Amino acid sequence: MSNPTRRPIRRIAICTGGGDAPGLNAVIRATVSAAANRGWECVGIRDGFNGILQPERYPKGGVVHLTRDQVRGIAHLGGTILGTTNKGDPLHFPVKMADGTVVETDRSHEILAYFEREGIDALVSVGGDGSLTIANELHRKGLRVVGVPKTIDNDLDKTFTTFGFDTAVSFATECLDRLHSTAESHQRVMVVEVMGRYAGWIALHAGIAGGAHAILIPEIAYDLDKVITKIHERDAEGRMYTLVVVAEGAQPRHGHREVLAPAEIGHAERLGGIGEHIAKELGERTGKDARVVVLGHLLRGGSPTSFDRLAALRFGTAAVRALEEGLSGIMVALAFPNVNYVSLEEVAGRMKAVPPDSDTLQTGRDLGVCFGD
Ligand code: F6P
């Protein structure tokens with residue numbers, strides 16, 4: 001993990017990759033400030049690595065200087081001042097050929113060459129599983145890299161949580177709070193679709209905090225009959241409405257996930273539509289009025305909660321401390337209540353799903369929540 005023989009750091013770069021998450025700007029602010037405090041210069045790469053790989057797209061520069069002044073007052077803002085992309089993996093970069101076909105090309109050597117040429121000593125890479133897998137590869141190829149765990153989905157291993165997750169859960173919970181009254185007034189089934197491609201953390205946490213009656217997550221193949229039984233039970237008790245939270249990646253026991261668009265070079269498949277599908281079927285099979293609300297990208301917007309903001313600020317400064325200590329190939333992580341370092345190797349390509357023995361899952365079961373199983 002460490003290499004103390006390397007030259008001292010004078011200049012670092014930061015980039016944000018993958019889907020945005022509340023707290024990215026707080027990480028940028030913290031990294032730049034902590035670097036400036038050590039007399040280091042900081043630059044920001046635009047849109048993942050695209051600022052280096054496609055400089056022609058950026059009239060004001062694909063790599064920009066980041067001074068204290070430029071990151072003042074941004075910690076509470078959603079999004080990322082650097083921009084981001086989930087289509088710019090330098091190891092599998094989509095390159096359009098003369099005949100119109102798109103070919104996956106490894107352009108990582110261009111990143112390393114750029115760092116060498118510009119005298120940039122290290123990279124702070126802020127991202128989810130995809131970005132941290134790229135960070136790990138760049139580290140293997142000789143770049144000094146520290147990763148920072150980001151994603152609203154909370155599906156990264158070796159960290160108690162990622163920043164962005166708490167904001168997404170808080171917002172989804174507030175939406176559920178609001179939906180209770182309208183669902184009850186109209187005696188409806190209300191289906192709320194949330195993000196969560198392969199892991200159901202948002203659905204599980206928001207569903208339980210927000211008092212959902214059924215929660216469907218990718219980790220538990222569901223049987224809609226169980227949800228219908230739950231609706232009938234509630235009706236029989238005079239509770240004439242039901243709130244169902246479904247993660248976009250949930251799938252029926254005998255069926256498949258709802259895919260909006262298949263994976264393409266440099267981009268994972270796009271999911272969505274499961275909420276609509278379930279609401280339709282529940283409506284038809286129970287005879288009740290059913291509606292769907294898709295929270296989608298609303299979950300990625302807004303100001304980070306104080307928890308996420310603090311986590312992001314702690315992660316950004318810890319990344320700089322790690323570089324100062326001579327570390328590379330690591331990710332800063334939350335080992336509650338402390339921040340520690342874990343090897344990127346242990347994180348790359350590993351997804352943290354909701355474990356079957358999760359006490360949060362058990363909490364839901366003890367509260368009478370139906371998980372479709
Ligand atoms: O940030 C991760 C994630 O929120 C997934 O849950 C979701 O499937 C995906 O992003 C959507 O990404 P896009 O913005 O490319 O549609």
# chains A, B, ... in the order shown; residues from 1 in each chain; ligands from 1
>>> select_by_dssp(residues="segment 75-303 of chain A", states="helix (DSSP H, G or I)", output="ChimeraX atom specification")
/A:90-92,108-118,129-140,165-186,201-209,224-236,274-286,296-300
>>> write_last_selection(atoms="C-alpha atoms", output="compact mmCIF listing (two decimals), in the first residue's frame")
# COMPACT_ATOMS: atom_id res chain seq x y z
CA PRO A 90 -10.17 5.16 -19.91
CA LEU A 91 -9.50 1.41 -19.88
CA HIS A 92 -12.53 0.70 -22.06
CA SER A 108 -5.07 4.59 -19.73
CA HIS A 109 -1.47 5.19 -20.88
CA GLU A 110 -2.59 8.68 -21.96
CA ILE A 111 -3.66 9.46 -18.41
CA LEU A 112 -0.30 8.34 -17.01
CA ALA A 113 1.58 10.28 -19.68
CA TYR A 114 -0.46 13.41 -18.90
CA PHE A 115 0.32 13.18 -15.19
CA GLU A 116 4.03 12.73 -15.95
CA ARG A 117 4.12 15.60 -18.44
CA GLU A 118 2.22 18.03 -16.21
CA ASP A 129 -17.44 0.71 -7.98
CA GLY A 130 -16.66 1.54 -11.63
CA SER A 131 -14.48 4.56 -10.84
CA LEU A 132 -12.65 2.78 -8.04
CA THR A 133 -11.95 -0.22 -10.28
CA ILE A 134 -10.42 2.22 -12.78
CA ALA A 135 -8.48 3.88 -9.93
CA ASN A 136 -7.11 0.50 -8.90
CA GLU A 137 -5.96 -0.25 -12.45
CA LEU A 138 -4.25 3.14 -12.71
CA HIS A 139 -2.52 2.44 -9.40
CA ARG A 140 -1.33 -0.93 -10.74
CA PHE A 165 -26.68 7.45 0.52
CA ASP A 166 -28.01 9.26 3.57
CA THR A 167 -29.29 12.15 1.44
CA ALA A 168 -31.05 9.75 -0.94
CA VAL A 169 -32.63 7.80 1.93
CA SER A 170 -33.72 10.99 3.71
CA PHE A 171 -35.40 12.32 0.59
CA ALA A 172 -37.11 9.00 -0.23
CA THR A 173 -38.31 8.77 3.38
CA GLU A 174 -39.81 12.24 3.16
CA CYS A 175 -41.58 11.26 -0.05
CA LEU A 176 -43.04 8.18 1.67
CA ASP A 177 -44.19 10.33 4.58
CA ARG A 178 -46.08 12.51 2.10
CA LEU A 179 -47.53 9.57 0.21
CA HIS A 180 -49.11 7.96 3.29
CA SER A 181 -51.80 10.61 3.59
CA THR A 182 -52.79 10.72 -0.07
CA ALA A 183 -52.73 6.92 -0.37
CA GLU A 184 -54.90 6.60 2.74
CA SER A 185 -57.32 9.33 1.64
CA HIS A 186 -57.92 7.55 -1.67
CA TRP A 201 -30.12 -0.38 0.34
CA ILE A 202 -32.14 2.74 -0.55
CA ALA A 203 -35.41 0.81 -0.80
CA LEU A 204 -34.74 -1.05 2.44
CA HIS A 205 -33.66 1.91 4.57
CA ALA A 206 -36.17 4.42 3.23
CA GLY A 207 -38.92 1.80 3.17
CA ILE A 208 -38.49 0.95 6.82
CA ALA A 209 -37.90 4.54 7.98
CA LEU A 224 -46.38 -10.71 -6.12
CA ASP A 225 -48.94 -13.07 -4.51
CA LYS A 226 -47.27 -12.29 -1.16
CA VAL A 227 -47.73 -8.56 -1.70
CA ILE A 228 -51.37 -9.14 -2.68
CA THR A 229 -51.90 -11.14 0.52
CA LYS A 230 -50.42 -8.22 2.46
CA ILE A 231 -52.82 -5.79 0.76
CA HIS A 232 -55.80 -8.05 1.57
CA GLU A 233 -54.68 -8.40 5.18
CA ARG A 234 -54.46 -4.64 5.54
CA ASP A 235 -57.86 -4.16 3.92
CA ALA A 236 -59.34 -6.73 6.31
CA ILE A 274 -40.58 -2.14 -12.54
CA GLY A 275 -42.76 0.26 -10.51
CA GLU A 276 -45.16 0.76 -13.41
CA HIS A 277 -45.30 -2.97 -14.03
CA ILE A 278 -46.03 -3.81 -10.40
CA ALA A 279 -48.63 -1.05 -9.96
CA LYS A 280 -50.48 -2.29 -13.05
CA GLU A 281 -50.50 -5.87 -11.89
CA LEU A 282 -51.46 -5.04 -8.30
CA GLY A 283 -54.28 -2.82 -9.56
CA GLU A 284 -55.63 -5.51 -11.88
CA ARG A 285 -55.34 -8.34 -9.37
CA THR A 286 -56.72 -6.56 -6.28
CA GLY A 296 -35.29 8.21 -10.04
CA HIS A 297 -32.76 11.00 -10.40
CA LEU A 298 -34.48 13.14 -7.76
CA LEU A 299 -32.60 10.89 -5.34
CA ARG A 300 -29.29 12.13 -6.70
>>> closest_atom_pairs(of="chain A", to="ligand 1", cutoff="7 Å", atoms="only C-alpha atoms and all ligand atoms", output="Markdown table")
| residue | atom | partner | partner_atom_place_in_ligand_line | distance |
| --- | --- | --- | --- | --- |
| A:Gly18 | CA | ligand 1 | 1 (O) | 6.8 |
| A:Gly19 | CA | ligand 1 | 1 (O) | 4.2 |
| A:Asp20 | CA | ligand 1 | 1 (O) | 6.3 |
| A:Ala21 | CA | ligand 1 | 1 (O) | 6.9 |
| A:Asn86 | CA | ligand 1 | 15 (O) | 6.5 |
| A:Thr151 | CA | ligand 1 | 1 (O) | 5.5 |
| A:Ile152 | CA | ligand 1 | 1 (O) | 5.7 |
| A:Asp153 | CA | ligand 1 | 6 (O) | 5.7 |
| A:Met195 | CA | ligand 1 | 6 (O) | 4.2 |
| A:Gly196 | CA | ligand 1 | 6 (O) | 3.9 |
| A:Arg197 | CA | ligand 1 | 8 (O) | 4.7 |
| A:Arg270 | CA | ligand 1 | 16 (O) | 6.1 |
| A:Leu271 | CA | ligand 1 | 8 (O) | 5.9 |
| A:His297 | CA | ligand 1 | 14 (O) | 6.9 |
| A:Arg300 | CA | ligand 1 | 4 (O) | 7.0 |
>>> closest_residue(among="A:Glu346, A:Asp308, A:Glu56, A:Asp89", to="Gly329 of chain A", atoms="only C-alpha atoms")
A:Glu346
>>> atom_distance(atom1="atom CA of Lys141 of chain A", atom2="atom CA of Asp157 of chain A")
22.9 Å
>>> select_by_dssp(residues="segment 259-301 of chain A", states="strand (DSSP E or B)", output="PDB file with N, CA and C atoms, in the first residue's frame")
ATOM      1  N   VAL A 259     -35.491  -3.862 -17.970  1.00  0.00           N
ATOM      2  CA  VAL A 259     -34.342  -3.159 -18.554  1.00  0.00           C
ATOM      3  C   VAL A 259     -34.856  -2.156 -19.590  1.00  0.00           C
ATOM      4  N   LEU A 260     -34.480  -0.885 -19.400  1.00  0.00           N
ATOM      5  CA  LEU A 260     -34.912   0.164 -20.342  1.00  0.00           C
ATOM      6  C   LEU A 260     -34.019   0.188 -21.575  1.00  0.00           C
ATOM      7  N   ALA A 261     -32.713   0.025 -21.328  1.00  0.00           N
ATOM      8  CA  ALA A 261     -31.754   0.024 -22.442  1.00  0.00           C
ATOM      9  C   ALA A 261     -30.616  -0.925 -22.087  1.00  0.00           C
ATOM     10  N   GLU A 264     -24.094  -0.888 -23.200  1.00  0.00           N
ATOM     11  CA  GLU A 264     -23.365  -0.609 -24.433  1.00  0.00           C
ATOM     12  C   GLU A 264     -21.922  -0.323 -24.031  1.00  0.00           C
ATOM     13  N   HIS A 267     -20.908   1.783 -20.907  1.00  0.00           N
ATOM     14  CA  HIS A 267     -22.089   2.165 -20.135  1.00  0.00           C
ATOM     15  C   HIS A 267     -22.876   0.908 -19.743  1.00  0.00           C
ATOM     16  N   ARG A 270     -29.448   0.231 -18.545  1.00  0.00           N
ATOM     17  CA  ARG A 270     -30.318   1.168 -17.811  1.00  0.00           C
ATOM     18  C   ARG A 270     -31.560   0.431 -17.384  1.00  0.00           C
ATOM     19  N   LEU A 271     -31.852   0.527 -16.087  1.00  0.00           N
ATOM     20  CA  LEU A 271     -33.037  -0.143 -15.563  1.00  0.00           C
ATOM     21  C   LEU A 271     -34.158   0.857 -15.342  1.00  0.00           C
ATOM     22  N   ALA A 290     -54.368   1.778  -8.167  1.00  0.00           N
ATOM     23  CA  ALA A 290     -52.924   1.728  -7.875  1.00  0.00           C
ATOM     24  C   ALA A 290     -52.212   2.810  -8.682  1.00  0.00           C
ATOM     25  N   ARG A 291     -51.249   3.442  -8.058  1.00  0.00           N
ATOM     26  CA  ARG A 291     -50.473   4.509  -8.703  1.00  0.00           C
ATOM     27  C   ARG A 291     -48.982   4.254  -8.495  1.00  0.00           C
ATOM     28  N   VAL A 292     -48.198   4.824  -9.394  1.00  0.00           N
ATOM     29  CA  VAL A 292     -46.744   4.663  -9.253  1.00  0.00           C
ATOM     30  C   VAL A 292     -46.070   6.032  -9.189  1.00  0.00           C
ATOM     31  N   VAL A 293     -45.052   6.133  -8.355  1.00  0.00           N
ATOM     32  CA  VAL A 293     -44.208   7.329  -8.278  1.00  0.00           C
ATOM     33  C   VAL A 293     -42.770   6.852  -8.472  1.00  0.00           C
ATOM     34  N   VAL A 294     -42.103   7.413  -9.488  1.00  0.00           N
ATOM     35  CA  VAL A 294     -40.706   7.022  -9.741  1.00  0.00           C
ATOM     36  C   VAL A 294     -39.795   8.148  -9.236  1.00  0.00           C
TER      37      VAL A 294
END
>>> closest_residue(among="A:Pro356, A:Ala30, A:Ile220, A:Val189", to="Arg253 of chain A", atoms="only C-alpha atoms")
A:Ile220
>>> closest_residue(among="A:Pro55, A:Gly78, A:Gly39, A:Gly44", to="Thr305 of chain A", atoms="only C-alpha atoms")
A:Gly78
>>> decode(residues="segment 175-218 of chain A", atoms="N, CA and C atoms", output="compact mmCIF listing (two decimals), in the first residue's frame")
# COMPACT_ATOMS: atom_id res chain seq x y z
N CYS A 175 -40.57 11.52 0.98
CA CYS A 175 -41.58 11.26 -0.05
C CYS A 175 -42.60 10.24 0.46
N LEU A 176 -42.12 9.20 1.13
CA LEU A 176 -43.04 8.18 1.67
C LEU A 176 -43.95 8.81 2.71
N ASP A 177 -43.37 9.65 3.57
CA ASP A 177 -44.19 10.33 4.58
C ASP A 177 -45.35 11.07 3.91
N ARG A 178 -45.05 11.73 2.80
CA ARG A 178 -46.08 12.51 2.10
C ARG A 178 -47.10 11.59 1.42
N LEU A 179 -46.63 10.45 0.96
CA LEU A 179 -47.53 9.57 0.21
C LEU A 179 -48.53 8.84 1.10
N HIS A 180 -48.19 8.65 2.38
CA HIS A 180 -49.11 7.96 3.29
C HIS A 180 -50.50 8.62 3.27
N SER A 181 -50.50 9.94 3.43
CA SER A 181 -51.80 10.61 3.59
C SER A 181 -52.64 10.56 2.31
N THR A 182 -51.99 10.75 1.17
CA THR A 182 -52.79 10.72 -0.07
C THR A 182 -53.23 9.29 -0.40
N ALA A 183 -52.35 8.32 -0.11
CA ALA A 183 -52.73 6.92 -0.37
C ALA A 183 -53.90 6.53 0.54
N GLU A 184 -53.84 6.96 1.79
CA GLU A 184 -54.90 6.60 2.74
C GLU A 184 -56.22 7.31 2.37
N SER A 185 -56.10 8.58 1.99
CA SER A 185 -57.32 9.33 1.64
C SER A 185 -58.06 8.67 0.48
N HIS A 186 -57.30 8.15 -0.48
CA HIS A 186 -57.92 7.55 -1.67
C HIS A 186 -58.00 6.02 -1.62
N GLN A 187 -57.55 5.47 -0.51
CA GLN A 187 -57.56 4.01 -0.32
C GLN A 187 -56.85 3.30 -1.47
N ARG A 188 -55.68 3.81 -1.78
CA ARG A 188 -54.95 3.30 -2.95
C ARG A 188 -53.75 2.44 -2.57
N VAL A 189 -53.28 1.72 -3.57
CA VAL A 189 -51.97 1.09 -3.49
C VAL A 189 -51.01 2.07 -4.17
N MET A 190 -49.96 2.46 -3.46
CA MET A 190 -49.00 3.41 -4.01
C MET A 190 -47.65 2.70 -4.13
N VAL A 191 -47.16 2.63 -5.35
CA VAL A 191 -45.87 1.96 -5.58
C VAL A 191 -44.80 3.03 -5.81
N VAL A 192 -43.74 2.97 -5.05
CA VAL A 192 -42.67 3.97 -5.15
C VAL A 192 -41.40 3.27 -5.64
N GLU A 193 -40.96 3.66 -6.85
CA GLU A 193 -39.73 3.05 -7.41
C GLU A 193 -38.53 3.92 -7.07
N VAL A 194 -37.51 3.30 -6.51
CA VAL A 194 -36.29 4.04 -6.17
C VAL A 194 -35.11 3.43 -6.92
N MET A 195 -34.01 4.18 -6.99
CA MET A 195 -32.81 3.64 -7.64
C MET A 195 -32.23 2.50 -6.81
N GLY A 196 -31.35 1.75 -7.40
CA GLY A 196 -30.76 0.59 -6.74
C GLY A 196 -30.74 -0.53 -7.75
N ARG A 197 -29.68 -0.52 -8.54
CA ARG A 197 -29.57 -1.43 -9.68
C ARG A 197 -29.46 -2.88 -9.23
N TYR A 198 -28.44 -3.12 -8.40
CA TYR A 198 -28.19 -4.50 -7.96
C TYR A 198 -28.27 -4.66 -6.45
N ALA A 199 -28.43 -3.54 -5.75
CA ALA A 199 -28.50 -3.60 -4.28
C ALA A 199 -29.70 -2.76 -3.82
N GLY A 200 -30.36 -3.24 -2.78
CA GLY A 200 -31.61 -2.61 -2.36
C GLY A 200 -31.50 -1.73 -1.13
N TRP A 201 -30.31 -1.16 -0.89
CA TRP A 201 -30.12 -0.38 0.34
C TRP A 201 -31.09 0.79 0.45
N ILE A 202 -31.26 1.55 -0.63
CA ILE A 202 -32.14 2.74 -0.55
C ILE A 202 -33.57 2.29 -0.26
N ALA A 203 -34.03 1.29 -0.99
CA ALA A 203 -35.41 0.81 -0.80
C ALA A 203 -35.60 0.30 0.63
N LEU A 204 -34.62 -0.46 1.11
CA LEU A 204 -34.74 -1.05 2.44
C LEU A 204 -34.75 0.03 3.53
N HIS A 205 -33.76 0.91 3.50
CA HIS A 205 -33.66 1.91 4.57
C HIS A 205 -34.80 2.91 4.52
N ALA A 206 -35.09 3.43 3.33
CA ALA A 206 -36.17 4.42 3.23
C ALA A 206 -37.51 3.74 3.49
N GLY A 207 -37.66 2.53 2.99
CA GLY A 207 -38.92 1.80 3.17
C GLY A 207 -39.23 1.60 4.64
N ILE A 208 -38.23 1.20 5.40
CA ILE A 208 -38.49 0.95 6.82
C ILE A 208 -38.67 2.28 7.57
N ALA A 209 -37.76 3.24 7.29
CA ALA A 209 -37.90 4.54 7.98
C ALA A 209 -39.22 5.21 7.62
N GLY A 210 -39.67 5.03 6.39
CA GLY A 210 -40.88 5.71 5.93
C GLY A 210 -42.16 4.88 6.10
N GLY A 211 -42.07 3.76 6.79
CA GLY A 211 -43.27 2.98 7.12
C GLY A 211 -43.93 2.31 5.92
N ALA A 212 -43.13 1.84 4.95
CA ALA A 212 -43.72 1.11 3.81
C ALA A 212 -44.24 -0.24 4.30
N HIS A 213 -45.24 -0.76 3.59
CA HIS A 213 -45.83 -2.04 4.00
C HIS A 213 -45.23 -3.21 3.24
N ALA A 214 -44.68 -2.93 2.08
CA ALA A 214 -43.96 -3.96 1.32
C ALA A 214 -42.72 -3.32 0.72
N ILE A 215 -41.61 -4.07 0.73
CA ILE A 215 -40.34 -3.56 0.18
C ILE A 215 -39.75 -4.67 -0.69
N LEU A 216 -39.50 -4.32 -1.95
CA LEU A 216 -38.98 -5.33 -2.88
C LEU A 216 -37.59 -4.91 -3.33
N ILE A 217 -36.61 -5.78 -3.08
CA ILE A 217 -35.22 -5.43 -3.36
C ILE A 217 -34.57 -6.51 -4.25
N PRO A 218 -33.50 -6.14 -4.96
CA PRO A 218 -32.88 -7.11 -5.88
C PRO A 218 -32.39 -8.38 -5.19
